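Below: model.pdb (PDB, C-alpha atoms)
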```pdb
MODEL        1
ATOM      1  CA  MET G  59     108.837  87.924 -17.920
ATOM      2  CA  THR G  60     108.838  90.497 -20.687
ATOM      3  CA  ALA G  61     111.529  92.911 -19.580
ATOM      4  CA  SER G  62     111.593  96.346 -21.081
ATOM      5  CA  TYR G  63     113.593  98.406 -18.623
ATOM      6  CA  ARG G  64     117.090  97.916 -17.195
ATOM      7  CA  TYR G  65     118.442  99.901 -14.258
ATOM      8  CA  ASP G  66     121.971  99.918 -12.910
ATOM      9  CA  VAL G  67     121.750  99.411  -9.158
ATOM     10  CA  GLU G  68     124.115  98.492  -6.388
ATOM     11  CA  VAL G  69     123.513  95.655  -3.936
ATOM     12  CA  LEU G  70     124.864  97.194  -0.733
ATOM     13  CA  HIS G  71     123.882  94.562   1.817
ATOM     14  CA  LEU G  72     122.669  90.966   1.872
ATOM     15  CA  LEU G  73     121.257  90.167   5.297
ATOM     16  CA  VAL G  74     120.872  86.544   6.369
ATOM     17  CA  SER G  75     119.680  85.577   9.836
ATOM     18  CA  PRO G  76     118.420  82.166  10.933
ATOM     19  CA  GLU G  77     116.243  83.682  13.677
ATOM     20  CA  HIS G  78     113.916  86.612  14.306
ATOM     21  CA  ALA G  79     115.391  89.436  16.381
ATOM     22  CA  TYR G  80     112.310  91.633  16.858
ATOM     23  CA  PHE G  81     109.522  89.959  18.784
ATOM     24  CA  GLY G  82     107.793  90.612  22.060
ATOM     25  CA  ARG G  83     107.953  94.069  23.568
ATOM     26  CA  ALA G  84     110.456  96.511  22.134
ATOM     27  CA  ARG G  85     111.255  97.863  25.595
ATOM     28  CA  ASP G  86     112.644  94.399  26.461
ATOM     29  CA  GLY G  87     115.209  94.738  23.670
ATOM     30  CA  ALA G  88     115.952  92.783  20.539
ATOM     31  CA  ALA G  89     117.009  89.174  20.687
ATOM     32  CA  ASP G  90     120.718  88.536  20.297
ATOM     33  CA  VAL G  91     120.645  86.438  17.118
ATOM     34  CA  PRO G  92     123.332  85.696  14.561
ATOM     35  CA  THR G  93     123.100  87.996  11.568
ATOM     36  CA  THR G  94     125.351  87.950   8.527
ATOM     37  CA  ASP G  95     125.936  90.742   6.016
ATOM     38  CA  ALA G  96     126.965  88.306   3.308
ATOM     39  CA  ASP G  97     129.029  88.929   0.190
ATOM     40  CA  ARG G  98     126.728  86.531  -1.659
ATOM     41  CA  VAL G  99     123.526  84.630  -0.996
ATOM     42  CA  GLU G 100     121.992  81.590  -2.630
ATOM     43  CA  LEU G 101     118.291  81.722  -3.450
ATOM     44  CA  VAL G 102     116.026  78.755  -4.093
ATOM     45  CA  ALA G 103     112.820  79.108  -6.106
ATOM     46  CA  GLY G 104     109.756  78.969  -3.892
ATOM     47  CA  LYS G 105     111.823  78.927  -0.690
ATOM     48  CA  GLY G 106     113.958  82.069  -0.305
ATOM     49  CA  ILE G 107     117.532  82.639   0.856
ATOM     50  CA  ILE G 108     119.382  79.586   2.147
ATOM     51  CA  GLY G 109     120.084  80.040   5.858
ATOM     52  CA  ASP G 110     117.518  82.813   6.401
ATOM     53  CA  ARG G 111     114.697  82.715   8.939
ATOM     54  CA  PHE G 112     112.016  82.708   6.210
ATOM     55  CA  PHE G 113     113.586  79.974   4.072
ATOM     56  CA  GLY G 114     110.998  77.325   3.222
ATOM     57  CA  LYS G 115     108.377  78.683   5.635
ATOM     58  CA  GLY G 116     104.901  78.102   4.149
ATOM     59  CA  ALA G 117     103.463  81.376   5.444
ATOM     60  CA  HIS G 118     106.261  83.323   3.732
ATOM     61  CA  MET G 119     106.529  81.696   0.299
ATOM     62  CA  ASP G 120     105.222  84.829  -1.413
ATOM     63  CA  ALA G 121     107.361  87.081   0.768
ATOM     64  CA  ALA G 122     110.545  85.149   1.547
ATOM     65  CA  VAL G 123     112.946  87.923   0.477
ATOM     66  CA  THR G 124     112.592  91.621   1.255
ATOM     67  CA  LEU G 125     114.160  94.399  -0.820
ATOM     68  CA  LEU G 126     114.767  97.894   0.565
ATOM     69  CA  ALA G 127     116.088 101.051  -1.091
ATOM     70  CA  ILE G 128     118.875 102.650   0.947
ATOM     71  CA  GLU G 129     117.546 106.019  -0.193
ATOM     72  CA  ALA G 130     114.449 105.383   1.940
ATOM     73  CA  ILE G 131     116.575 104.857   5.055
ATOM     74  CA  GLU G 132     118.631 107.964   4.256
ATOM     75  CA  ALA G 133     115.480 110.059   3.753
ATOM     76  CA  ILE G 134     113.969 108.846   7.031
ATOM     77  CA  ALA G 135     117.132 109.740   8.979
ATOM     78  CA  ALA G 136     117.209 113.189   7.342
ATOM     79  CA  GLU G 137     113.531 113.814   8.119
ATOM     80  CA  LEU G 138     114.016 112.792  11.744
ATOM     81  CA  GLY G 139     117.189 114.882  12.016
ATOM     82  CA  VAL G 140     119.349 111.989  13.186
ATOM     83  CA  ALA G 141     122.592 110.411  12.034
ATOM     84  CA  PRO G 142     122.316 107.810   9.251
ATOM     85  CA  PHE G 143     120.983 104.438  10.420
ATOM     86  CA  ASP G 144     122.715 101.117  10.174
ATOM     87  CA  PRO G 145     120.931  99.760   7.054
ATOM     88  CA  LEU G 146     120.824  96.266   8.561
ATOM     89  CA  LEU G 147     118.637  97.320  11.509
ATOM     90  CA  PRO G 148     115.347  97.193   9.552
ATOM     91  CA  ARG G 149     116.316  93.532   8.823
ATOM     92  CA  ARG G 150     115.526  93.589   5.113
ATOM     93  CA  ASN G 151     117.409  90.943   3.121
ATOM     94  CA  VAL G 152     118.570  92.949   0.112
ATOM     95  CA  VAL G 153     119.474  96.635   0.460
ATOM     96  CA  LEU G 154     119.812  98.352  -2.914
ATOM     97  CA  ARG G 155     120.933 101.766  -4.092
ATOM     98  CA  GLY G 156     119.390 103.296  -7.203
ATOM     99  CA  THR G 157     115.900 101.899  -7.509
ATOM    100  CA  HIS G 158     112.318 102.843  -6.826
ATOM    101  CA  LEU G 159     110.675  99.674  -5.531
ATOM    102  CA  ALA G 160     106.965 100.539  -5.217
ATOM    103  CA  PRO G 161     106.117  99.894  -8.916
ATOM    104  CA  LEU G 162     107.433  96.325  -8.574
ATOM    105  CA  LEU G 163     104.501  95.200  -6.411
ATOM    106  CA  GLY G 164     102.657  92.494  -8.318
ATOM    107  CA  GLN G 165     105.355  92.417 -11.013
ATOM    108  CA  GLU G 166     107.811  89.750 -12.058
ATOM    109  CA  PHE G 167     111.305  91.233 -12.305
ATOM    110  CA  ALA G 168     114.925  90.138 -12.038
ATOM    111  CA  LEU G 169     118.202  91.096 -10.418
ATOM    112  CA  GLU G 170     121.349  90.290 -12.348
ATOM    113  CA  SER G 171     124.681  90.302 -10.542
ATOM    114  CA  ARG G 172     127.983  88.982 -11.875
ATOM    115  CA  GLY G 173     126.200  87.333 -14.777
ATOM    116  CA  ALA G 174     123.743  85.422 -12.573
ATOM    117  CA  LEU G 175     120.042  86.193 -12.889
ATOM    118  CA  VAL G 176     117.498  85.766 -10.085
ATOM    119  CA  ARG G 177     113.818  86.155 -10.919
ATOM    120  CA  LEU G 178     111.484  87.574  -8.264
ATOM    121  CA  ARG G 179     107.859  88.635  -7.968
ATOM    122  CA  GLY G 180     106.978  91.652  -5.865
ATOM    123  CA  GLY G 181     104.363  90.340  -3.463
ATOM    124  CA  ARG G 182     103.407  92.894  -0.857
ATOM    125  CA  PRO G 183     104.736  95.971   0.891
ATOM    126  CA  ALA G 184     107.151  95.370   3.757
ATOM    127  CA  HIS G 185     105.340  97.372   6.394
ATOM    128  CA  PRO G 186     107.501  98.592   9.260
ATOM    129  CA  CYS G 187     106.816  97.423  12.782
ATOM    130  CA  ALA G 188     106.802  99.435  15.993
ATOM    131  CA  TRP G 189     110.311  98.106  16.694
ATOM    132  CA  MET G 190     111.631 100.737  14.244
ATOM    133  CA  ASP G 191     111.032 103.442  16.883
ATOM    134  CA  GLU G 192     113.244 101.479  19.250
ATOM    135  CA  VAL G 193     116.068 100.319  16.967
ATOM    136  CA  LEU G 194     116.292 103.294  14.564
ATOM    137  CA  ALA G 195     114.899 106.417  16.264
ATOM    138  CA  PRO G 196     111.657 107.711  17.770
ATOM    139  CA  GLY G 197     109.308 108.453  14.881
ATOM    140  CA  ALA G 198     110.951 105.963  12.496
ATOM    141  CA  HIS G 199     107.965 103.611  12.525
ATOM    142  CA  ALA G 200     105.661 106.283  11.084
ATOM    143  CA  ALA G 201     108.358 107.721   8.794
ATOM    144  CA  MET G 202     109.066 104.296   7.304
ATOM    145  CA  ARG G 203     105.440 103.711   6.246
ATOM    146  CA  GLY G 204     105.226 103.545   2.475
ATOM    147  CA  ARG G 205     108.966 103.001   2.096
ATOM    148  CA  GLY G 206     109.716  99.889   4.111
ATOM    149  CA  GLY G 207     110.505  97.876   1.006
ATOM    150  CA  VAL G 208     108.914  95.096  -0.998
ATOM    151  CA  ARG G 209     108.480  91.474   0.062
ATOM    152  CA  CYS G 210     109.153  89.111  -2.819
ATOM    153  CA  GLN G 211     108.633  85.550  -3.922
ATOM    154  CA  VAL G 212     111.702  83.831  -5.357
ATOM    155  CA  LEU G 213     110.890  82.475  -8.836
ATOM    156  CA  SER G 214     114.267  81.003  -9.834
ATOM    157  CA  ASP G 215     117.322  79.500  -8.212
ATOM    158  CA  GLY G 216     120.349  81.750  -8.316
ATOM    159  CA  VAL G 217     123.008  83.738  -6.521
ATOM    160  CA  LEU G 218     123.060  87.422  -5.624
ATOM    161  CA  HIS G 219     126.348  89.191  -4.954
ATOM    162  CA  ARG G 220     127.104  92.463  -3.240
ATOM    163  CA  GLY G 221     128.184  95.125  -5.695
ATOM    164  CA  PRO G 222     127.017  96.381  -9.089
ATOM    165  CA  ALA G 223     123.852  94.757 -10.422
ATOM    166  CA  VAL G 224     121.102  95.330 -12.963
ATOM    167  CA  LEU G 225     117.432  95.389 -12.067
ATOM    168  CA  ILE G 226     115.315  94.240 -15.025
ATOM    169  CA  SER G 227     111.737  95.488 -14.791
ATOM    170  CA  PRO G 228     108.625  95.092 -16.962
ATOM    171  CA  VAL G 229     107.458  98.546 -15.831
ATOM    172  CA  PRO G 230     109.251 101.897 -15.787
ATOM    173  CA  LEU G 231     110.817 102.875 -12.464
ATOM    174  CA  GLU G 232     111.790 106.300 -11.205
ATOM    175  CA  PRO G 233     115.065 105.855  -9.310
ATOM    176  CA  GLU G 234     114.994 109.502  -8.231
ATOM    177  CA  ARG G 235     111.869 108.657  -6.157
ATOM    178  CA  ALA G 236     113.572 105.820  -4.233
ATOM    179  CA  GLY G 237     113.437 107.686  -0.912
ATOM    180  CA  GLU G 238     109.841 108.901  -1.182
ATOM    181  CA  ALA G 239     106.996 107.424   0.817
ATOM    182  CA  THR G 240     104.376 106.019  -1.505
ATOM    183  CA  VAL G 241     101.101 104.253  -1.103
ATOM    184  CA  LEU G 242     102.060 100.677  -1.877
ATOM    185  CA  ARG G 243      99.348  98.581  -3.464
ATOM    186  CA  PRO G 244      99.958  95.343  -5.325
ATOM    187  CA  THR G 245      99.232  95.501  -9.029
ATOM    188  CA  ARG G 246      96.565  93.022 -10.086
ATOM    189  CA  LEU G 247      97.828  90.713 -12.770
ATOM    190  CA  PRO G 248      95.438  89.637 -15.557
TER     191      PRO G 248
ENDMDL
END
```
Rendering of file as structure tokens:
Amino acid sequence: MTASYRYDVEVLHLLVSPEHAYFGRARDGAADVPTTDADRVELVAGKGIIGDRFFGKGAHMDAAVTLLAIEAIEAIAAELGVAPFDPLLPRRNVVLRGTHLAPLLGQEFALESRGALVRLRGGRPAHPCAWMDEVLAPGAHAAMRGRGGVRCQVLSDGVLHRGPAVLISPVPLEPERAGEATVLRPTRLP
């Protein structure tokens, strides 16, 4: 990775859950599954977060870890005129403050926390599901389109910690746009 841009970010939440909570019909309610908001998580290249529901799953190798900007959740709540949401309810693994994620699609980038570096590749947009209307607020599913986060492939073993971090990007980001809905299309690599 040729990194040109460094952004100070904050890792607010690190969600780890061994099981899916949102399946079936939303009106039947979410499954009661163990979920941890960890202080630190261990990532394994090509597999994901140890202990998470997507760890080592073949269908999710390119999307084992999902990043979400807290600014997106805050903007959605403001637009819907509701109180701020619990940022764990969308069930994204890494909730960050201070970064615009859309330009990272198709890019190799890194998160550095407490001296440890984890390399990731932005794979595809994390599209919201209809469950968002049930667990966040009516209208959240539509409002979250284009700002549901980025699903990533883990390229290196490492540890992420909650707290201050640095996002190292090969492309310029616009942190002030973190809460905006954008059309998310993967960048084609040469």
**Message:** To test your reading of the syntax: which residues would the PyMOL selection byres ((chain G and resi 149-166) around 8) return for the file shown? Reply as number ranges by chain.
**Reply:** G: 59, 65-74, 123-129, 145-148, 167-168, 177-183, 205, 207-208, 227-237, 240, 242-247
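Interatomic distance, atom CA of G:Asp95 against atom CA of G:Gly221: 12.7 Å.
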**Given all atoms listed in the file as the counted atoms, nearest of G:Asp144, G:Ile108, G:Met202, G:Leu138 to G:Ala188** =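 That would be G:Met202, the residue with the smallest distance to G:Ala188.
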**Request:** Could you tell me which residues the PyMOL selection byres ((chain G and resi 224) around 7) grabs in this file, written as a list in words?
**Result:** Arg64, Tyr65, Asp66, Val67, Leu169, Glu170, Ser171, Ala223, Leu225 and Ile226 of chain G
**Request:** Do a neighbour search on G:Val217 at 7 Å with all atoms listed in the file, toss out local chain neighbours closer than 2 positions, and write the hits as number ranges by chain.
**Result:** G: 98-101, 174, 176, 219
**Asked** So which one's closest to G:Ala133, G:Ala103, G:Leu218, G:Val193, G:Ala201? Using all atoms listed in the file, please.
**Response**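 For G:Ala133, the nearest of the candidates is G:Ala201.
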**Request:** Report the distance between atom CA of G:Arg172 and atom CA of G:Phe143 in Å, rounded to one decimal place.
**Result:**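 Straight-line distance from atom CA of G:Arg172 to atom CA of G:Phe143 works out to 28.0 Å.
For the structure shown here, the set of residues caught by the PyMOL selection byres ((chain G and resi 211) around 6) is Asp120, Ala121, Ala122, Leu178, Arg179, Cys210 and Val212 of chain G.
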I need the chosen residues saved as a tab-separated table (two decimals), in the coordinates of the input, with C-alpha atoms.
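File written: out_11.tsv
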```
chain	number	residue	atom	x	y	z
G	120	ASP	CA	105.22	84.83	-1.41
G	121	ALA	CA	107.36	87.08	0.77
G	122	ALA	CA	110.54	85.15	1.55
G	178	LEU	CA	111.48	87.57	-8.26
G	179	ARG	CA	107.86	88.64	-7.97
G	210	CYS	CA	109.15	89.11	-2.82
G	212	VAL	CA	111.70	83.83	-5.36
```
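Across the model, the gap from atom CA of G:Gly104 to atom CA of G:Cys187 is 25.0 Å.
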